[in-house]
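Trainee: I'd like to ask some things about the structure below.
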Amino acid sequence: MSIALEYGVPTDKEALQLRLGIARGLFRAEGIDLALKIVFGGPEIARAYDAGTLKIGELGTPPATTAIGRGARFKIVASSVRRRAVQYFVAAPAIGDWSDLRGKMVAALSIGSCSYWFVREVLQRHGLDPDADVKLVGLGERYPRVVDLFRSGELAGAVLSEPNVSIGEGSGAYRVMLGLTDPAFCPDMQWSVVVAGPGTIAGEPELIRAVLRGCRQSYRYAAAHPDEWIAFGADYFGITRETMAKSIEREIGGLHYDGEIDLRGLQQAIDLQLRLGALKQPLLAQDLVDLRFLQFIPNRSSGVVPCT
């Protein structure tokens with residue numbers, strides 16, 4: 001008998017590999033009937049993990065570390081597939097230079113999300129005050145309409161991830177001005193993490209291990225079957241296979257398939273939040289994680305294998 005479980009994700013475009021794994025029965029093999037629960041926004045989904053309304057799921061390190069620094073009780077238990085910061089600042093075709101953004105609307109997923117902090121960092125580096133020179137907004141549940149918001153002229157800039165970047169770029173709604181993989185902005189920081197609430201960690205450790213096994217198998221399945229990955233994503237998002245392939249190619253260098261946390265990269269993410277003012281005091285990466293669930297992940301079909 002499978003356990004029904006909701007796994008949190010902060011946008012409608014996240015965790016495609018897990019959707020593929022669900023479709024292929026990789027979580028059912030672990031005794032889990034997994035469903036992805038979308039809670040738009042980083043701080044918003046962090047509150048769900050802290051309150052226990054979501055037992056486990058993912059979000060970016062900026063809202064995760066900020067929430068923990070402000071008293072949230074969840075812990076980071078693994079890395080999501082997007083271990084590196086594979087986001088992009090995109091701008092409407094009429095924006096020729098950074099100064100053209102003055103007085104315009106610039107979007108993030110939500111106020112306090114990964115993209116919010118990255119927007120602030122990028123604008124400041126290009127001589128713009130994110131609080132005075134632009135109108136910085138959080139999209140929240142309007143996030144799925146971000147391409148249309150550019151087409152209508154409401155948005156002039158935004159920080160987005162794939163496949164939104166390739167979808168909007170391919171339709172001419174916007175162009176990429178800057179990749180946040182640039183070491184000047186986001187060095188080799190740990191980006192997307194899997195977290196679990198205190199009740200789940202204390203009372204359901206085997207559930208966490210089973211979820212992480214399913215995640216790892218889903219990531220590896222997608223990587224081993226790239227044509228199926230492309231076809232599944234194109235069908236799910238309603239886009240061409242060419243666009244889906246481009247989106248995967250663009251971010252694949254930042255993906256990681258084993259769930260391992262890069263502790264040095266996590267410390268970089270914490271230090272970035274401290275520099276941006278989101279954290280009021282330093283934190284140590286090792287104090288934010290509980291890596292017991294990754295030391296050895298038993299695979300039901302092949303015995304116990306170290307997570308390497």
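Simple scheme: letters A, B, ... for chains in structure tokens order, numbers from 1 for residues in each chain, numbers from 1 for ligands in the order shown.
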Would you pick out the contacts of segment 262-268 of chain A at 6 Å or less, using only C-alpha atoms, so that residues sharing its chain but fewer than 4 positions from it are not included, and give the list as a ChimeraX atom specification?
Mentor: /A:188-190,285
Trainee: Can those selected residues be exported to a file as a PDB file, in the first residue's frame so that it contains C-alpha atoms?
Mentor:
ATOM      1  CA  ASP A 188      29.425  28.229  -7.356  1.00  0.00           C
ATOM      2  CA  MET A 189      26.626  28.532  -4.831  1.00  0.00           C
ATOM      3  CA  GLN A 190      24.236  25.771  -3.877  1.00  0.00           C
ATOM      4  CA  ALA A 285      26.089  25.946   6.474  1.00  0.00           C
TER       5      ALA A 285
END
Trainee: Give me, as a tab-separated table, each residue of segment 146-236 of chain A that comes within 9 Å of segment 78-101 of chain A, together with its shortest interatomic pair and the distance in Å at one decimal, counting only C-alpha atoms, with rows ordered by chain and rising residue number.
Mentor:
residue	atom	partner	partner_atom	distance
A:Phe150	CA	A:Ala92	CA	6.5
A:Arg151	CA	A:Ala92	CA	8.3
A:Gly153	CA	A:Ala92	CA	8.0
A:Leu155	CA	A:Ala92	CA	7.4
A:Ala156	CA	A:Ala92	CA	5.0
A:Gly157	CA	A:Ala91	CA	4.2
A:Ala158	CA	A:Val90	CA	5.5
A:Val159	CA	A:Phe89	CA	4.4
A:Leu160	CA	A:Tyr88	CA	5.4
A:Ser161	CA	A:Gln87	CA	4.5
A:Glu162	CA	A:Gln87	CA	7.4
A:Val165	CA	A:Tyr88	CA	7.3
A:Glu169	CA	A:Val90	CA	8.6
A:Gly172	CA	A:Pro93	CA	7.6
A:Ala173	CA	A:Ala92	CA	6.3
A:Tyr174	CA	A:Ala92	CA	4.4
A:Arg175	CA	A:Val90	CA	5.3
A:Val176	CA	A:Val90	CA	4.4
A:Met177	CA	A:Val90	CA	5.4
A:Leu178	CA	A:Phe89	CA	5.2
A:Gly179	CA	A:Tyr88	CA	4.5
A:Leu180	CA	A:Tyr88	CA	5.4
A:Thr181	CA	A:Ala85	CA	5.9
A:Cys186	CA	A:Ala85	CA	6.7
A:Pro187	CA	A:Ala85	CA	8.4
A:Asp188	CA	A:Arg84	CA	6.5
A:Met189	CA	A:Arg84	CA	6.1
A:Gln190	CA	A:Arg83	CA	5.3
A:Trp191	CA	A:Arg84	CA	5.1
A:Ser192	CA	A:Ser80	CA	5.3
A:Val193	CA	A:Ser79	CA	4.3
A:Val194	CA	A:Ala78	CA	5.0
A:Val195	CA	A:Ala78	CA	7.0
A:Leu212	CA	A:Ala78	CA	7.8
A:Cys215	CA	A:Ser80	CA	8.3
A:Arg216	CA	A:Val81	CA	8.5
A:Tyr219	CA	A:Val81	CA	6.8
Trainee: Any chance you can output those residues with N, CA and C atoms as an mmCIF file, in the first residue's frame?
Mentor:
data_model
loop_
_atom_site.group_PDB
_atom_site.id
_atom_site.type_symbol
_atom_site.label_atom_id
_atom_site.label_comp_id
_atom_site.auth_asym_id
_atom_site.auth_seq_id
_atom_site.Cartn_x
_atom_site.Cartn_y
_atom_site.Cartn_z
ATOM 1 N N PHE A 150 4.954 40.086 -20.448
ATOM 2 C CA PHE A 150 5.933 40.773 -21.288
ATOM 3 C C PHE A 150 5.302 41.180 -22.618
ATOM 4 N N ARG A 151 4.548 40.296 -23.213
ATOM 5 C CA ARG A 151 3.936 40.604 -24.508
ATOM 6 C C ARG A 151 2.992 41.794 -24.420
ATOM 7 N N GLY A 153 3.314 44.312 -22.495
ATOM 8 C CA GLY A 153 4.052 45.515 -22.146
ATOM 9 C C GLY A 153 4.044 45.843 -20.671
ATOM 10 N N LEU A 155 5.509 44.117 -18.201
ATOM 11 C CA LEU A 155 6.832 43.870 -17.639
ATOM 12 C C LEU A 155 7.919 44.286 -18.608
ATOM 13 N N ALA A 156 8.994 44.856 -18.035
ATOM 14 C CA ALA A 156 10.164 45.211 -18.838
ATOM 15 C C ALA A 156 11.349 44.315 -18.535
ATOM 16 N N GLY A 157 11.343 43.679 -17.371
ATOM 17 C CA GLY A 157 12.445 42.807 -17.001
ATOM 18 C C GLY A 157 12.010 41.818 -15.935
ATOM 19 N N ALA A 158 12.800 40.750 -15.810
ATOM 20 C CA ALA A 158 12.501 39.738 -14.796
ATOM 21 C C ALA A 158 13.683 38.783 -14.692
ATOM 22 N N VAL A 159 13.771 38.100 -13.565
ATOM 23 C CA VAL A 159 14.692 36.974 -13.432
ATOM 24 C C VAL A 159 13.870 35.701 -13.512
ATOM 25 N N LEU A 160 14.215 34.844 -14.476
ATOM 26 C CA LEU A 160 13.451 33.627 -14.742
ATOM 27 C C LEU A 160 14.389 32.433 -14.868
ATOM 28 N N SER A 161 13.808 31.258 -14.771
ATOM 29 C CA SER A 161 14.535 30.020 -15.024
ATOM 30 C C SER A 161 13.867 29.289 -16.190
ATOM 31 N N GLU A 162 14.477 28.194 -16.584
ATOM 32 C CA GLU A 162 13.945 27.386 -17.678
ATOM 33 C C GLU A 162 12.735 26.571 -17.213
ATOM 34 N N VAL A 165 12.561 30.782 -19.853
ATOM 35 C CA VAL A 165 13.526 31.588 -20.595
ATOM 36 C C VAL A 165 13.451 31.264 -22.084
ATOM 37 N N GLU A 169 11.903 33.659 -25.024
ATOM 38 C CA GLU A 169 12.921 34.056 -25.985
ATOM 39 C C GLU A 169 12.533 33.601 -27.383
ATOM 40 N N GLY A 172 9.904 35.792 -28.955
ATOM 41 C CA GLY A 172 10.245 37.201 -29.114
ATOM 42 C C GLY A 172 9.721 38.093 -28.000
ATOM 43 N N ALA A 173 9.209 37.513 -26.919
ATOM 44 C CA ALA A 173 8.657 38.316 -25.822
ATOM 45 C C ALA A 173 9.761 39.028 -25.054
ATOM 46 N N TYR A 174 10.940 38.426 -24.979
ATOM 47 C CA TYR A 174 12.067 39.038 -24.291
ATOM 48 C C TYR A 174 13.355 38.390 -24.762
ATOM 49 N N ARG A 175 14.465 38.984 -24.308
ATOM 50 C CA ARG A 175 15.788 38.436 -24.624
ATOM 51 C C ARG A 175 16.587 38.322 -23.332
ATOM 52 N N VAL A 176 17.586 37.483 -23.356
ATOM 53 C CA VAL A 176 18.448 37.311 -22.184
ATOM 54 C C VAL A 176 19.474 38.434 -22.158
ATOM 55 N N MET A 177 19.467 39.214 -21.063
ATOM 56 C CA MET A 177 20.479 40.252 -20.874
ATOM 57 C C MET A 177 21.672 39.747 -20.077
ATOM 58 N N LEU A 178 21.423 38.806 -19.172
ATOM 59 C CA LEU A 178 22.497 38.337 -18.308
ATOM 60 C C LEU A 178 22.158 36.968 -17.750
ATOM 61 N N GLY A 179 23.123 36.071 -17.795
ATOM 62 C CA GLY A 179 22.969 34.784 -17.139
ATOM 63 C C GLY A 179 23.509 34.871 -15.723
ATOM 64 N N LEU A 180 22.715 34.450 -14.767
ATOM 65 C CA LEU A 180 23.146 34.548 -13.382
ATOM 66 C C LEU A 180 24.116 33.444 -12.997
ATOM 67 N N THR A 181 24.495 32.635 -13.963
ATOM 68 C CA THR A 181 25.594 31.700 -13.743
ATOM 69 C C THR A 181 26.937 32.429 -13.773
ATOM 70 N N CYS A 186 26.636 35.106 -9.119
ATOM 71 C CA CYS A 186 26.349 33.886 -8.366
ATOM 72 C C CYS A 186 27.508 32.929 -8.569
ATOM 73 N N PRO A 187 28.475 32.950 -7.669
ATOM 74 C CA PRO A 187 29.568 31.977 -7.796
ATOM 75 C C PRO A 187 29.021 30.565 -7.639
ATOM 76 N N ASP A 188 29.862 29.627 -7.379
ATOM 77 C CA ASP A 188 29.425 28.229 -7.356
ATOM 78 C C ASP A 188 28.569 27.936 -6.126
ATOM 79 N N MET A 189 27.473 28.678 -6.002
ATOM 80 C CA MET A 189 26.626 28.532 -4.831
ATOM 81 C C MET A 189 25.630 27.404 -5.012
ATOM 82 N N GLN A 190 25.311 26.768 -3.900
ATOM 83 C CA GLN A 190 24.236 25.771 -3.877
ATOM 84 C C GLN A 190 22.922 26.518 -4.046
ATOM 85 N N TRP A 191 22.142 26.160 -5.090
ATOM 86 C CA TRP A 191 20.937 26.931 -5.359
ATOM 87 C C TRP A 191 19.685 26.279 -4.788
ATOM 88 N N SER A 192 19.191 25.220 -5.402
ATOM 89 C CA SER A 192 17.908 24.648 -5.012
ATOM 90 C C SER A 192 18.123 23.490 -4.050
ATOM 91 N N VAL A 193 17.349 23.480 -2.963
ATOM 92 C CA VAL A 193 17.549 22.479 -1.920
ATOM 93 C C VAL A 193 16.238 21.771 -1.596
ATOM 94 N N VAL A 194 16.375 20.559 -1.062
ATOM 95 C CA VAL A 194 15.240 19.801 -0.546
ATOM 96 C C VAL A 194 15.235 19.976 0.964
ATOM 97 N N VAL A 195 14.071 20.296 1.516
ATOM 98 C CA VAL A 195 13.971 20.511 2.958
ATOM 99 C C VAL A 195 12.865 19.625 3.521
ATOM 100 N N LEU A 212 13.889 10.697 -1.185
ATOM 101 C CA LEU A 212 15.172 11.016 -1.797
ATOM 102 C C LEU A 212 15.622 9.928 -2.763
ATOM 103 N N CYS A 215 13.633 10.619 -5.857
ATOM 104 C CA CYS A 215 14.158 11.800 -6.540
ATOM 105 C C CYS A 215 15.418 11.457 -7.324
ATOM 106 N N ARG A 216 16.340 10.765 -6.649
ATOM 107 C CA ARG A 216 17.595 10.436 -7.317
ATOM 108 C C ARG A 216 17.348 9.546 -8.532
ATOM 109 N N TYR A 219 15.924 11.740 -11.345
ATOM 110 C CA TYR A 219 16.945 12.571 -11.988
ATOM 111 C C TYR A 219 17.810 11.735 -12.928
#
Trainee: So which one's closest to His256 of chain A, A:Gln17, A:Gly170, A:Lys280, A:Asp287? Using only C-alpha atoms, please.
Mentor: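 Among A:Gln17, A:Gly170, A:Lys280, A:Asp287, it is A:Gln17 that comes nearest to His256 of chain A.
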Trainee: Would you pick out the contacts of Ala23 of chain A at 10 Å or less, using only C-alpha atoms, so that residues sharing its chain but fewer than 5 positions from it are not included, and give the list as a PDB file with C-alpha atoms, in the first residue's frame?
Mentor:
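Below is the file result06.pdb, written as the result:
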ATOM      1  CA  GLN A  17      12.276  15.182 -13.743  1.00  0.00           C
ATOM      2  CA  LEU A  18      10.156  14.254 -10.734  1.00  0.00           C
ATOM      3  CA  ARG A  28       5.396   3.948  -6.380  1.00  0.00           C
ATOM      4  CA  SER A 218      14.016  10.233 -11.357  1.00  0.00           C
ATOM      5  CA  PHE A 232       7.762  14.474 -21.873  1.00  0.00           C
TER       6      PHE A 232
END
Trainee: Report as a PyMOL selection string all protein, DNA and RNA residues lying within 10 Å of Gly199 of chain A, evaluated on only C-alpha atoms, omitting residues in the same chain fewer than 6 positions from it.
Mentor: chain A and resi 49-52+55+73-74+205
Trainee: Measuring atom to atom with only C-alpha atoms, identify which of A:Glu6, A:Gly259, A:Leu20, A:Ser113 is nearest to Glu44 of chain A.
Mentor: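 Smallest separation from Glu44 of chain A among the options: A:Ser113.
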Trainee: Please compute the atom CA of Val289 of chain A-atom CA of Gly69 of chain A distance, one decimal, in Å.
Mentor: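 Interatomic distance here is 12.7 Å.
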Trainee: May I ask for the distance between atom CA of Gly41 of chain A and atom CA of Glu58 of chain A, given in Å to one decimal place?
Mentor: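 Atom CA of Glu58 of chain A lies at a distance of 11.2 Å from atom CA of Gly41 of chain A.
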Trainee: Please, what distance in Å, to one decimal, runs between atom CA of His126 of chain A and atom CA of Glu154 of chain A?
Mentor: 21.9 Å
Trainee: Need to verify the contact set: Ala196 of chain A, 8 Å, only C-alpha atoms, exclusion of same-chain residues closer than 5 positions in sequence. Can you return it as a list in words?
Mentor: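 The neighbour list is Tyr49, Lys55, Ile56, Gly57, Phe74, Lys75, Ile76, Val77, Ile201 and Ile208 of chain A.
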Trainee: Deliver the residues from the most recent selection as a file, using N, CA and C atoms, as a CSV table (one decimal), in the first residue's frame.
Mentor:
chain,number,residue,atom,x,y,z
A,49,TYR,N,6.6,24.7,4.9
A,49,TYR,CA,7.5,23.6,5.5
A,49,TYR,C,7.6,23.8,7.0
A,55,LYS,N,5.3,18.3,4.3
A,55,LYS,CA,6.3,17.6,5.0
A,55,LYS,C,7.7,17.7,4.4
A,56,ILE,N,7.8,17.8,3.1
A,56,ILE,CA,9.0,17.7,2.3
A,56,ILE,C,8.8,18.4,1.0
A,57,GLY,N,9.9,18.9,0.4
A,57,GLY,CA,9.9,19.5,-0.9
A,57,GLY,C,11.1,20.4,-1.1
A,74,PHE,N,12.6,24.0,9.8
A,74,PHE,CA,12.9,23.0,8.9
A,74,PHE,C,14.4,22.9,8.6
A,75,LYS,N,14.9,21.8,8.1
A,75,LYS,CA,16.3,21.6,7.8
A,75,LYS,C,16.5,21.2,6.3
A,76,ILE,N,17.6,21.5,5.8
A,76,ILE,CA,18.0,21.1,4.4
A,76,ILE,C,18.5,19.7,4.5
A,77,VAL,N,17.9,18.8,3.7
A,77,VAL,CA,18.2,17.4,3.8
A,77,VAL,C,18.9,16.9,2.5
A,201,ILE,N,11.3,15.0,10.1
A,201,ILE,CA,12.6,14.6,10.4
A,201,ILE,C,12.6,13.7,11.7
A,208,ILE,N,11.5,10.2,4.4
A,208,ILE,CA,12.5,11.1,3.8
A,208,ILE,C,13.4,10.3,2.9
Trainee: List the neighbours of Ile111 of chain A out to 10 Å using only C-alpha atoms; skip same-chain residues closer than 6 positions along the sequence, and give me the result as a list in words.
Mentor: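 Listing them by chain and then by number gives Gly41, Gly42, Pro43, Glu44, Pro63, Trp117, Leu136, Val137, Gly138, Leu139 and Gly140 of chain A.
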Trainee: So that I have them on file, write out the residues from the current selection with N, CA and C atoms, as a CSV table (one decimal), in the first residue's frame.
Mentor:
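Contents of again.csv, as written:
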chain,number,residue,atom,x,y,z
A,41,GLY,N,6.2,31.0,-4.7
A,41,GLY,CA,7.0,31.9,-4.0
A,41,GLY,C,7.9,31.2,-2.9
A,42,GLY,N,9.1,31.8,-2.7
A,42,GLY,CA,10.0,31.2,-1.8
A,42,GLY,C,9.6,31.4,-0.3
A,43,PRO,N,9.4,32.6,0.2
A,43,PRO,CA,8.9,32.7,1.6
A,43,PRO,C,7.6,32.0,1.8
A,44,GLU,N,6.7,32.0,0.8
A,44,GLU,CA,5.4,31.4,1.0
A,44,GLU,C,5.6,29.9,1.2
A,63,PRO,N,15.6,32.0,-0.1
A,63,PRO,CA,14.5,32.0,0.9
A,63,PRO,C,14.6,31.0,2.0
A,117,TRP,N,16.0,38.3,-4.8
A,117,TRP,CA,17.3,38.7,-4.3
A,117,TRP,C,18.3,38.8,-5.5
A,136,LEU,N,9.7,47.0,-8.5
A,136,LEU,CA,10.0,45.6,-8.4
A,136,LEU,C,8.8,44.9,-7.8
A,137,VAL,N,8.2,44.0,-8.5
A,137,VAL,CA,7.0,43.3,-8.0
A,137,VAL,C,7.2,41.8,-8.0
A,138,GLY,N,6.5,41.2,-7.1
A,138,GLY,CA,6.4,39.7,-7.0
A,138,GLY,C,5.2,39.2,-7.8
A,139,LEU,N,5.3,38.2,-8.6
A,139,LEU,CA,4.2,37.8,-9.4
A,139,LEU,C,3.3,36.8,-8.7
A,140,GLY,N,3.8,36.0,-7.8
A,140,GLY,CA,3.0,35.0,-7.1
A,140,GLY,C,2.2,34.1,-8.1
